[in-house]
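**Student:** Structure supplied as model07.cif; contents: mmCIF, C-alpha atoms.
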```cif
data_work
#
loop_
_atom_site.group_PDB
_atom_site.id
_atom_site.type_symbol
_atom_site.label_atom_id
_atom_site.label_comp_id
_atom_site.auth_asym_id
_atom_site.auth_seq_id
_atom_site.Cartn_x
_atom_site.Cartn_y
_atom_site.Cartn_z
ATOM 1 C CA MET W 126 0.371 6.325 -2.082
ATOM 2 C CA SER W 127 1.005 4.000 0.725
ATOM 3 C CA SER W 128 2.514 0.650 -0.107
ATOM 4 C CA SER W 129 1.192 -1.103 2.889
ATOM 5 C CA ASN W 130 -1.072 -3.273 0.775
ATOM 6 C CA SER W 131 1.648 -5.702 -0.245
ATOM 7 C CA PRO W 132 3.380 -8.421 1.756
ATOM 8 C CA ILE W 133 6.648 -6.463 1.797
ATOM 9 C CA HIS W 134 7.783 -7.722 5.144
ATOM 10 C CA SER W 135 7.162 -11.383 4.471
ATOM 11 C CA SER W 136 10.890 -11.708 3.856
ATOM 12 C CA SER W 137 11.419 -11.022 7.547
ATOM 13 C CA ARG W 138 9.485 -14.158 8.487
ATOM 14 C CA HIS W 139 10.748 -17.642 7.875
ATOM 15 C CA SER W 140 9.195 -21.063 7.669
ATOM 16 C CA HIS W 141 9.989 -23.695 10.228
ATOM 17 C CA HIS W 142 10.319 -27.238 8.893
ATOM 18 C CA ARG W 143 8.748 -29.853 11.102
ATOM 19 C CA SER W 144 8.015 -33.423 10.035
ATOM 20 C CA GLY W 145 8.009 -32.414 6.383
ATOM 21 C CA SER W 146 5.375 -29.710 6.893
ATOM 22 C CA ILE W 147 5.699 -25.952 6.675
ATOM 23 C CA VAL W 148 4.843 -24.011 9.802
ATOM 24 C CA ASP W 149 4.715 -20.208 9.880
ATOM 25 C CA LEU W 150 6.821 -18.759 12.656
ATOM 26 C CA GLY W 151 5.072 -16.395 15.035
ATOM 27 C CA TRP W 152 6.042 -13.140 16.678
ATOM 28 C CA GLN W 153 7.696 -14.879 19.618
ATOM 29 C CA HIS W 154 10.177 -16.543 17.228
ATOM 30 C CA LEU W 155 11.372 -13.245 15.737
ATOM 31 C CA ASP W 156 14.300 -11.107 16.789
ATOM 32 C CA GLY W 157 12.743 -7.668 17.300
ATOM 33 C CA ALA W 158 15.801 -5.668 16.228
ATOM 34 C CA LYS W 159 16.401 -7.764 13.105
ATOM 35 C CA PHE W 160 12.698 -7.723 12.255
ATOM 36 C CA THR W 161 12.648 -3.923 12.441
ATOM 37 C CA MET W 162 15.783 -3.536 10.323
ATOM 38 C CA ILE W 163 14.623 -6.010 7.674
ATOM 39 C CA THR W 164 11.177 -4.418 7.480
ATOM 40 C CA PHE W 165 12.638 -0.919 7.233
ATOM 41 C CA SER W 166 15.193 -1.973 4.613
ATOM 42 C CA ALA W 167 12.618 -3.834 2.534
ATOM 43 C CA SER W 168 10.094 -0.976 2.547
ATOM 44 C CA PHE W 169 12.865 1.567 1.817
ATOM 45 C CA THR W 170 14.161 -0.456 -1.147
ATOM 46 C CA LEU W 171 10.713 -1.152 -2.574
ATOM 47 C CA ARG W 172 9.776 2.511 -2.281
ATOM 48 C CA LEU W 173 12.847 3.539 -4.279
ATOM 49 C CA ILE W 174 12.000 0.990 -6.969
ATOM 50 C CA THR W 175 8.263 1.664 -7.220
ATOM 51 C CA PHE W 176 8.167 5.425 -6.603
ATOM 52 C CA PRO W 177 8.060 6.349 -10.337
ATOM 53 C CA LEU W 178 5.031 4.070 -10.737
ATOM 54 C CA SER W 179 3.307 5.823 -7.843
ATOM 55 C CA LEU W 180 4.172 9.190 -9.393
ATOM 56 C CA LEU W 181 2.671 8.157 -12.752
ATOM 57 C CA LYS W 182 -0.474 6.883 -11.018
ATOM 58 C CA THR W 183 -0.931 10.120 -9.098
ATOM 59 C CA ASN W 184 -0.422 12.260 -12.206
ATOM 60 C CA HIS W 185 -2.939 10.105 -14.087
ATOM 61 C CA GLN W 186 -5.537 10.464 -11.371
ATOM 62 C CA THR W 187 -5.215 14.247 -11.072
ATOM 63 C CA LEU W 188 -5.582 15.029 -14.775
ATOM 64 C CA THR W 189 -8.445 17.384 -15.572
ATOM 65 C CA LEU W 190 -10.471 18.080 -18.703
ATOM 66 C CA LYS W 191 -8.300 21.130 -19.428
ATOM 67 C CA GLN W 192 -5.270 18.857 -19.675
ATOM 68 C CA ASN W 193 -6.804 16.646 -22.414
ATOM 69 C CA SER W 194 -6.836 13.658 -20.109
ATOM 70 C CA THR W 195 -8.690 11.331 -22.501
ATOM 71 C CA GLY W 196 -5.724 10.508 -24.724
ATOM 72 C CA THR W 197 -3.066 10.542 -22.023
ATOM 73 C CA THR W 198 -1.259 7.267 -21.376
ATOM 74 C CA SER W 199 1.367 6.217 -18.850
ATOM 75 C CA GLY W 200 3.924 6.259 -21.648
ATOM 76 C CA SER W 201 3.087 9.805 -22.736
ATOM 77 C CA LEU W 202 3.117 11.001 -19.122
ATOM 78 C CA LEU W 203 6.496 9.390 -18.566
ATOM 79 C CA ARG W 204 7.953 11.032 -21.678
ATOM 80 C CA THR W 205 6.533 14.424 -20.738
ATOM 81 C CA ILE W 206 7.907 14.323 -17.207
ATOM 82 C CA TYR W 207 11.325 13.136 -18.393
ATOM 83 C CA ARG W 208 11.466 15.758 -21.171
ATOM 84 C CA THR W 209 10.443 18.687 -18.977
ATOM 85 C CA GLN W 210 12.035 17.718 -15.669
ATOM 86 C CA GLY W 211 14.662 15.082 -16.397
ATOM 87 C CA PHE W 212 15.254 11.870 -14.441
ATOM 88 C CA ARG W 213 14.899 13.706 -11.115
ATOM 89 C CA GLY W 214 11.330 14.525 -12.101
ATOM 90 C CA LEU W 215 10.426 10.855 -11.629
ATOM 91 C CA TYR W 216 11.517 11.098 -7.986
ATOM 92 C CA LYS W 217 10.172 14.474 -6.932
ATOM 93 C CA GLY W 218 8.750 14.097 -3.449
ATOM 94 C CA ILE W 219 10.811 11.007 -2.644
ATOM 95 C CA GLY W 220 12.582 12.596 0.345
ATOM 96 C CA ILE W 221 9.499 13.421 2.404
ATOM 97 C CA ASN W 222 7.907 10.143 1.314
ATOM 98 C CA LEU W 223 10.795 8.083 2.657
ATOM 99 C CA ILE W 224 10.400 9.794 6.031
ATOM 100 C CA GLY W 225 6.739 8.785 6.118
ATOM 101 C CA ASN W 226 7.678 5.336 4.877
ATOM 102 C CA THR W 227 9.206 4.549 8.273
ATOM 103 C CA SER W 228 5.621 3.947 9.426
ATOM 104 C CA HIS W 229 5.840 0.558 7.692
ATOM 105 C CA VAL W 230 7.704 -0.703 10.735
ATOM 106 C CA PHE W 231 4.555 -0.038 12.786
ATOM 107 C CA TYR W 232 2.430 -1.618 10.069
ATOM 108 C CA ALA W 233 4.484 -4.796 10.058
ATOM 109 C CA THR W 234 4.583 -5.009 13.856
ATOM 110 C CA VAL W 235 0.825 -4.488 14.270
ATOM 111 C CA TYR W 236 0.126 -6.966 11.470
ATOM 112 C CA GLU W 237 2.294 -9.734 12.895
ATOM 113 C CA ARG W 238 1.117 -9.397 16.483
ATOM 114 C CA THR W 239 -2.565 -9.047 15.587
ATOM 115 C CA ARG W 240 -2.464 -11.964 13.154
ATOM 116 C CA GLU W 241 -0.805 -14.238 15.673
ATOM 117 C CA TYR W 242 -3.193 -13.240 18.477
ATOM 118 C CA ILE W 243 -6.306 -13.885 16.367
ATOM 119 C CA GLU W 244 -5.003 -17.214 15.070
ATOM 120 C CA ARG W 245 -4.053 -18.433 18.540
ATOM 121 C CA THR W 246 -7.357 -17.306 20.071
ATOM 122 C CA LEU W 247 -9.527 -18.881 17.379
ATOM 123 C CA ASN W 248 -7.541 -22.113 17.311
ATOM 124 C CA ASN W 249 -7.862 -22.470 21.083
ATOM 125 C CA TYR W 250 -11.558 -21.667 20.935
ATOM 126 C CA LEU W 251 -12.353 -24.163 18.165
ATOM 127 C CA SER W 252 -10.299 -27.045 19.526
ATOM 128 C CA PRO W 253 -9.039 -26.276 23.030
ATOM 129 C CA SER W 254 -8.399 -29.877 24.021
ATOM 130 C CA THR W 255 -7.154 -31.506 20.836
ATOM 131 C CA SER W 256 -4.248 -31.023 18.499
ATOM 132 C CA THR W 257 -6.225 -32.256 15.501
ATOM 133 C CA PRO W 258 -7.404 -29.280 13.423
ATOM 134 C CA SER W 259 -11.023 -29.172 12.365
ATOM 135 C CA ALA W 260 -12.201 -28.308 8.866
ATOM 136 C CA SER W 261 -12.841 -24.727 9.919
ATOM 137 C CA HIS W 262 -9.181 -24.228 10.846
ATOM 138 C CA ARG W 263 -8.174 -23.695 7.218
ATOM 139 C CA TYR W 264 -10.153 -20.452 7.205
ATOM 140 C CA ILE W 265 -8.566 -19.090 10.371
ATOM 141 C CA ALA W 266 -5.236 -18.081 8.823
ATOM 142 C CA PRO W 267 -6.777 -16.064 5.926
ATOM 143 C CA PHE W 268 -9.303 -14.454 8.282
ATOM 144 C CA ALA W 269 -6.652 -13.537 10.847
ATOM 145 C CA ALA W 270 -4.344 -12.193 8.139
ATOM 146 C CA GLY W 271 -7.126 -10.072 6.649
ATOM 147 C CA VAL W 272 -8.136 -8.503 9.975
ATOM 148 C CA ALA W 273 -4.483 -7.952 10.898
ATOM 149 C CA GLY W 274 -3.851 -6.286 7.543
ATOM 150 C CA ILE W 275 -6.714 -3.856 8.142
ATOM 151 C CA CYS W 276 -5.426 -3.045 11.645
ATOM 152 C CA GLY W 277 -1.855 -2.558 10.457
ATOM 153 C CA SER W 278 -2.940 -0.341 7.580
ATOM 154 C CA THR W 279 -5.090 1.804 9.903
ATOM 155 C CA VAL W 280 -2.150 2.478 12.215
ATOM 156 C CA GLN W 281 0.222 3.164 9.341
ATOM 157 C CA LEU W 282 -2.119 5.542 7.522
ATOM 158 C CA SER W 283 -2.754 7.512 10.692
ATOM 159 C CA LEU W 284 0.988 8.159 10.872
ATOM 160 C CA SER W 285 1.875 8.550 7.185
ATOM 161 C CA THR W 286 -1.008 10.587 5.711
ATOM 162 C CA PRO W 287 0.618 14.034 6.247
ATOM 163 C CA PHE W 288 3.766 12.813 4.488
ATOM 164 C CA ASP W 289 1.729 11.263 1.666
ATOM 165 C CA LEU W 290 -0.218 14.482 1.209
ATOM 166 C CA ILE W 291 2.925 16.584 0.833
ATOM 167 C CA THR W 292 4.492 13.951 -1.428
ATOM 168 C CA GLN W 293 1.508 13.964 -3.779
ATOM 169 C CA LYS W 294 1.601 17.751 -3.977
ATOM 170 C CA ARG W 295 5.248 17.485 -5.024
ATOM 171 C CA MET W 296 4.471 14.716 -7.507
ATOM 172 C CA VAL W 297 2.118 16.832 -9.606
ATOM 173 C CA LEU W 298 4.453 19.824 -10.029
ATOM 174 C CA GLN W 299 4.551 20.436 -13.767
ATOM 175 C CA THR W 300 7.807 22.284 -14.514
ATOM 176 C CA ARG W 301 11.483 21.960 -13.686
ATOM 177 C CA THR W 302 11.372 25.421 -12.080
ATOM 178 C CA ASP W 303 8.538 24.427 -9.745
ATOM 179 C CA MET W 304 10.305 21.172 -8.911
ATOM 180 C CA HIS W 305 13.373 23.046 -7.703
ATOM 181 C CA SER W 306 11.663 26.061 -6.124
ATOM 182 C CA ILE W 307 8.627 24.528 -4.369
ATOM 183 C CA LYS W 308 9.936 22.486 -1.448
ATOM 184 C CA ALA W 309 8.106 20.338 1.077
ATOM 185 C CA ARG W 310 8.194 23.154 3.665
ATOM 186 C CA HIS W 311 6.446 25.490 1.213
ATOM 187 C CA ILE W 312 3.691 22.947 0.599
ATOM 188 C CA LEU W 313 3.343 22.421 4.361
ATOM 189 C CA LYS W 314 2.836 26.160 4.904
ATOM 190 C CA GLN W 315 0.334 26.293 2.045
ATOM 191 C CA LEU W 316 -1.675 23.390 3.436
ATOM 192 C CA LEU W 317 -1.817 24.906 6.914
ATOM 193 C CA ALA W 318 -2.919 28.232 5.422
ATOM 194 C CA GLU W 319 -5.616 26.578 3.276
ATOM 195 C CA GLU W 320 -7.046 24.443 6.054
ATOM 196 C CA GLY W 321 -6.515 26.814 8.966
ATOM 197 C CA SER W 322 -5.640 23.883 11.199
ATOM 198 C CA ILE W 323 -2.951 21.259 11.603
ATOM 199 C CA PHE W 324 -5.676 18.643 11.109
ATOM 200 C CA GLY W 325 -5.685 19.677 7.465
ATOM 201 C CA LEU W 326 -2.566 17.564 7.081
ATOM 202 C CA TRP W 327 -4.815 14.524 7.471
ATOM 203 C CA ARG W 328 -6.973 15.593 4.537
ATOM 204 C CA GLY W 329 -8.411 12.503 2.874
ATOM 205 C CA LEU W 330 -7.592 10.183 5.779
ATOM 206 C CA THR W 331 -11.107 8.727 5.816
ATOM 207 C CA LEU W 332 -10.922 7.986 2.098
ATOM 208 C CA ALA W 333 -7.425 6.583 2.547
ATOM 209 C CA LEU W 334 -8.697 4.233 5.246
ATOM 210 C CA MET W 335 -11.591 3.211 3.014
ATOM 211 C CA THR W 336 -9.096 2.479 0.227
ATOM 212 C CA TYR W 337 -5.961 0.999 1.754
ATOM 213 C CA ALA W 338 -7.331 -0.758 4.841
ATOM 214 C CA PRO W 339 -9.637 -3.031 2.781
ATOM 215 C CA THR W 340 -6.860 -3.413 0.189
ATOM 216 C CA SER W 341 -4.463 -4.601 2.870
ATOM 217 C CA GLY W 342 -7.075 -6.982 4.235
ATOM 218 C CA ILE W 343 -7.818 -8.422 0.787
ATOM 219 C CA VAL W 344 -4.120 -8.797 -0.040
ATOM 220 C CA TRP W 345 -3.165 -10.648 3.122
ATOM 221 C CA SER W 346 -6.281 -12.797 3.321
ATOM 222 C CA SER W 347 -6.098 -13.902 -0.316
ATOM 223 C CA TYR W 348 -2.327 -14.353 -0.074
ATOM 224 C CA ARG W 349 -2.554 -16.737 2.888
ATOM 225 C CA HIS W 350 -5.427 -18.630 1.241
ATOM 226 C CA LEU W 351 -3.711 -18.901 -2.162
ATOM 227 C CA LYS W 352 -0.406 -19.999 -0.652
ATOM 228 C CA ALA W 353 -2.026 -22.732 1.450
ATOM 229 C CA THR W 354 -4.102 -23.867 -1.536
ATOM 230 C CA CYS W 355 -1.049 -24.063 -3.809
ATOM 231 C CA TYR W 356 0.910 -26.154 -1.317
ATOM 232 C CA ALA W 357 -2.070 -28.442 -0.809
ATOM 233 C CA LYS W 358 -2.923 -28.854 -4.508
ATOM 234 C CA LEU W 359 0.697 -29.467 -5.487
ATOM 235 C CA ASP W 360 1.189 -31.746 -2.484
ATOM 236 C CA LEU W 361 4.377 -29.949 -1.482
ATOM 237 C CA SER W 362 6.255 -30.324 1.775
ATOM 238 C CA ALA W 363 9.368 -28.800 3.260
ATOM 239 C CA SER W 364 11.420 -32.009 3.025
ATOM 240 C CA SER W 365 10.560 -33.036 -0.534
ATOM 241 C CA SER W 366 10.434 -29.684 -2.346
ATOM 242 C CA PRO W 367 13.405 -27.608 -3.576
ATOM 243 C CA ASN W 368 14.015 -24.264 -1.895
ATOM 244 C CA ALA W 369 13.199 -22.405 -5.118
ATOM 245 C CA VAL W 370 9.602 -23.615 -4.873
ATOM 246 C CA HIS W 371 9.217 -22.007 -1.460
ATOM 247 C CA PHE W 372 10.325 -18.728 -3.004
ATOM 248 C CA VAL W 373 8.309 -18.878 -6.225
ATOM 249 C CA ILE W 374 4.945 -19.845 -4.732
ATOM 250 C CA PRO W 375 4.786 -17.021 -2.131
ATOM 251 C CA THR W 376 6.030 -14.531 -4.758
ATOM 252 C CA VAL W 377 3.373 -15.522 -7.294
ATOM 253 C CA CYS W 378 0.628 -15.617 -4.650
ATOM 254 C CA GLY W 379 1.667 -12.187 -3.399
ATOM 255 C CA ALA W 380 1.639 -10.744 -6.922
ATOM 256 C CA VAL W 381 -1.793 -12.209 -7.721
ATOM 257 C CA SER W 382 -3.390 -11.076 -4.448
ATOM 258 C CA GLY W 383 -1.818 -7.609 -4.658
ATOM 259 C CA GLY W 384 -2.874 -7.100 -8.275
ATOM 260 C CA MET W 385 -6.423 -8.245 -7.561
ATOM 261 C CA ALA W 386 -6.760 -5.887 -4.591
ATOM 262 C CA SER W 387 -5.352 -2.962 -6.601
ATOM 263 C CA VAL W 388 -7.871 -3.395 -9.401
ATOM 264 C CA LEU W 389 -10.779 -3.711 -6.969
ATOM 265 C CA THR W 390 -9.921 -0.567 -4.995
ATOM 266 C CA ILE W 391 -8.520 1.781 -7.679
ATOM 267 C CA PRO W 392 -11.778 3.823 -7.898
ATOM 268 C CA LEU W 393 -11.538 4.667 -4.178
ATOM 269 C CA ASP W 394 -7.852 5.464 -4.597
ATOM 270 C CA THR W 395 -8.656 7.893 -7.416
ATOM 271 C CA ILE W 396 -11.192 9.726 -5.250
ATOM 272 C CA LYS W 397 -8.716 9.815 -2.350
ATOM 273 C CA VAL W 398 -5.901 11.283 -4.463
ATOM 274 C CA ARG W 399 -8.189 13.930 -5.962
ATOM 275 C CA LYS W 400 -9.345 14.853 -2.490
ATOM 276 C CA GLN W 401 -5.798 15.261 -1.213
ATOM 277 C CA VAL W 402 -4.276 17.016 -4.216
ATOM 278 C CA LEU W 403 -7.026 19.036 -5.914
ATOM 279 C CA SER W 404 -9.524 19.701 -3.119
ATOM 280 C CA THR W 405 -9.741 20.858 0.485
ATOM 281 C CA ARG W 406 -10.741 19.060 3.663
ATOM 282 C CA LYS W 407 -14.274 20.498 3.368
ATOM 283 C CA THR W 408 -14.824 19.190 -0.172
ATOM 284 C CA LYS W 409 -17.415 16.420 -0.150
ATOM 285 C CA ALA W 410 -16.578 13.051 -1.658
ATOM 286 C CA MET W 411 -19.776 13.055 -3.730
ATOM 287 C CA ARG W 412 -18.668 16.246 -5.462
ATOM 288 C CA ILE W 413 -15.328 14.645 -6.322
ATOM 289 C CA ILE W 414 -17.095 11.533 -7.624
ATOM 290 C CA ALA W 415 -19.333 13.693 -9.846
ATOM 291 C CA ASP W 416 -16.353 15.648 -11.195
ATOM 292 C CA VAL W 417 -14.401 12.486 -12.001
ATOM 293 C CA TYR W 418 -17.382 10.821 -13.676
ATOM 294 C CA ARG W 419 -18.081 13.932 -15.760
ATOM 295 C CA GLN W 420 -14.647 13.723 -17.360
ATOM 296 C CA ASN W 421 -14.793 10.290 -18.991
ATOM 297 C CA GLY W 422 -17.438 8.217 -17.246
ATOM 298 C CA ILE W 423 -16.535 5.087 -15.301
ATOM 299 C CA ALA W 424 -13.156 4.855 -17.057
ATOM 300 C CA SER W 425 -12.019 7.995 -15.210
ATOM 301 C CA PHE W 426 -12.039 6.089 -11.934
ATOM 302 C CA TYR W 427 -9.543 3.587 -13.343
ATOM 303 C CA ARG W 428 -6.890 6.057 -14.394
ATOM 304 C CA GLY W 429 -3.490 4.836 -13.283
ATOM 305 C CA VAL W 430 -4.669 1.262 -12.766
ATOM 306 C CA ILE W 431 -1.682 -0.199 -14.645
ATOM 307 C CA PRO W 432 1.006 1.657 -12.640
ATOM 308 C CA ARG W 433 -0.824 0.910 -9.381
ATOM 309 C CA THR W 434 -1.168 -2.792 -10.200
ATOM 310 C CA CYS W 435 2.499 -3.029 -11.186
ATOM 311 C CA GLN W 436 3.435 -1.167 -8.017
#
```
Could you show the structure in this file as structure tokens?
**Tutor:**
Amino acid sequence: MSSSNSPIHSSSRHSHHRSGSIVDLGWQHLDGAKFTMITFSASFTLRLITFPLSLLKTNHQTLTLKQNSTGTTSGSLLRTIYRTQGFRGLYKGIGINLIGNTSHVFYATVYERTREYIERTLNNYLSPSTSTPSASHRYIAPFAAGVAGICGSTVQLSLSTPFDLITQKRMVLQTRTDMHSIKARHILKQLLAEEGSIFGLWRGLTLALMTYAPTSGIVWSSYRHLKATCYAKLDLSASSSPNAVHFVIPTVCGAVSGGMASVLTIPLDTIKVRKQVLSTRKTKAMRIIADVYRQNGIASFYRGVIPRTCQ
């Protein structure tokens, strides 16, 4: 559910042109207030745009054998939801999700500060007395970005999981009547009653961390590596390349790295969603894995892969 595994806040960072080269600006170059507003606005806008895709993915992943899940496609799900619930059905749960989406500000802040700290520390350690980078320096940026992505995702998930859980419960409501009558507060009361503890609101957090933290690490690490490789292979510099190039390359690299990470981690995401929506905190992951596999084999773990990759 979380969208922390994409470089959504990269628009809040700029490139500094120096001697024809492109240098990433660090945390100390950023205006904190503007950074927060840009990050919040970007995550808010992207959530509004991609929420229907997330809803389709969640409905795909929670289909059971009784619902004839084998022949169900994203298109048929979309038509069913629109026919039975109207356009608003594609955005059920959006309100509570947007509240939880504010945690992206913490994600972006932790990512930027952690990435910069690791890069600075490793650069100083590898060449403390020279400004000439060694061959190993090219791996520092992807490594730092990957670790920072994992740290940022961990913080964000710890804050947003209760909101994601309630959102997913709203997403799978099947009728227009349920959509209008079952509110977030009703789901909250139900969850507390089922779990007997407020910690039940963090149901599936471990699986979420196993899913989204590695996804975030893969996205950021591969993104930084792909971007640097593209600039190097194409022999591009800030002074000789048109501005459009500096927009297209990061966009394409972000899309490729995000899509790759989504495909790699979709099985874990399926287990996590089933845990949060169809199970309880005491339900073991192995039982969920067995239930999913029993439905349609390995293919069951890849339900919703197209909406998640597009998202």
**Student:** Which residues come within 7 Å of stretch 390-398 of chain W, counting all atoms listed in the file, excluding same-chain residues fewer than 2 positions away, as an MDAnalysis selection string?
**Tutor:** chainID W and resid 183 186 329 332:333 336 340 386:388 400:402 413:414 426:427 430
**Student:** May I ask for the distance between atom CA of W:Val377 and atom CA of W:Met335, given in Å to one decimal place?
**Tutor:**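 Spanning atom CA of W:Val377 to atom CA of W:Met335 is a straight-line distance of 26.1 Å.
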**Student:** Measure the distance from atom CA of W:Ile312 to atom CA of W:Thr175 in Å and round it to one decimal.
**Tutor:**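 Computing the Euclidean distance for atom CA of W:Ile312 and atom CA of W:Thr175 yields 23.1 Å.
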**Student:** List the spatial neighbours of W:Ala353 as a ChimeraX atom specification - criterion: any atom at most 9 Å away, all atoms listed in the file, same-chain residues fewer than 5 positions off excluded.
**Tutor:** /W:263,348,358
**Student:** To verify the selection step, state as a list of chain:residue names which residues the PyMOL selection byres ((chain W and resi 380) around 12) yields on this input.
**Tutor:**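 Applying the expression gives W:Asn130, W:Ser131, W:Pro132, W:Ile133, W:Val344, W:Trp345, W:Ser347, W:Tyr348, W:Leu351, W:Lys352, W:Val373, W:Ile374, W:Pro375, W:Thr376, W:Val377, W:Cys378, W:Gly379, W:Val381, W:Ser382, W:Gly383, W:Gly384, W:Met385, W:Ala386, W:Ser387, W:Thr434, W:Cys435, W:Gln436.
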**Student:** Each side padded by 5 Å, which centre and which edge lengths in Å (one decimal) define the axis-aligned box around the listed atoms of stretch 332-341 of chain W? Give them as AutoDock Vina command-line options.
**Tutor:**
```
--center_x -8.0 --center_y 1.7 --center_z 2.7 --size_x 17.1 --size_y 22.6 --size_z 15.1
```
**Student:** For this structure, which residues satisfy the selection - the PyMOL selection byres ((chain W and resi 328) around 10) - when it is evaluated on the file as given? I want them as an MDAnalysis selection string.
**Tutor:** chainID W and resid 286:287 290 316 320 323:327 329:333 397 400:402 404:408
**Student:** Rounded to one decimal in Å, what is the spacing between atom CA of W:Asn421 and atom CA of W:Leu202?
**Tutor:**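 Taking atom CA of W:Asn421 and atom CA of W:Leu202, their separation equals 17.9 Å.
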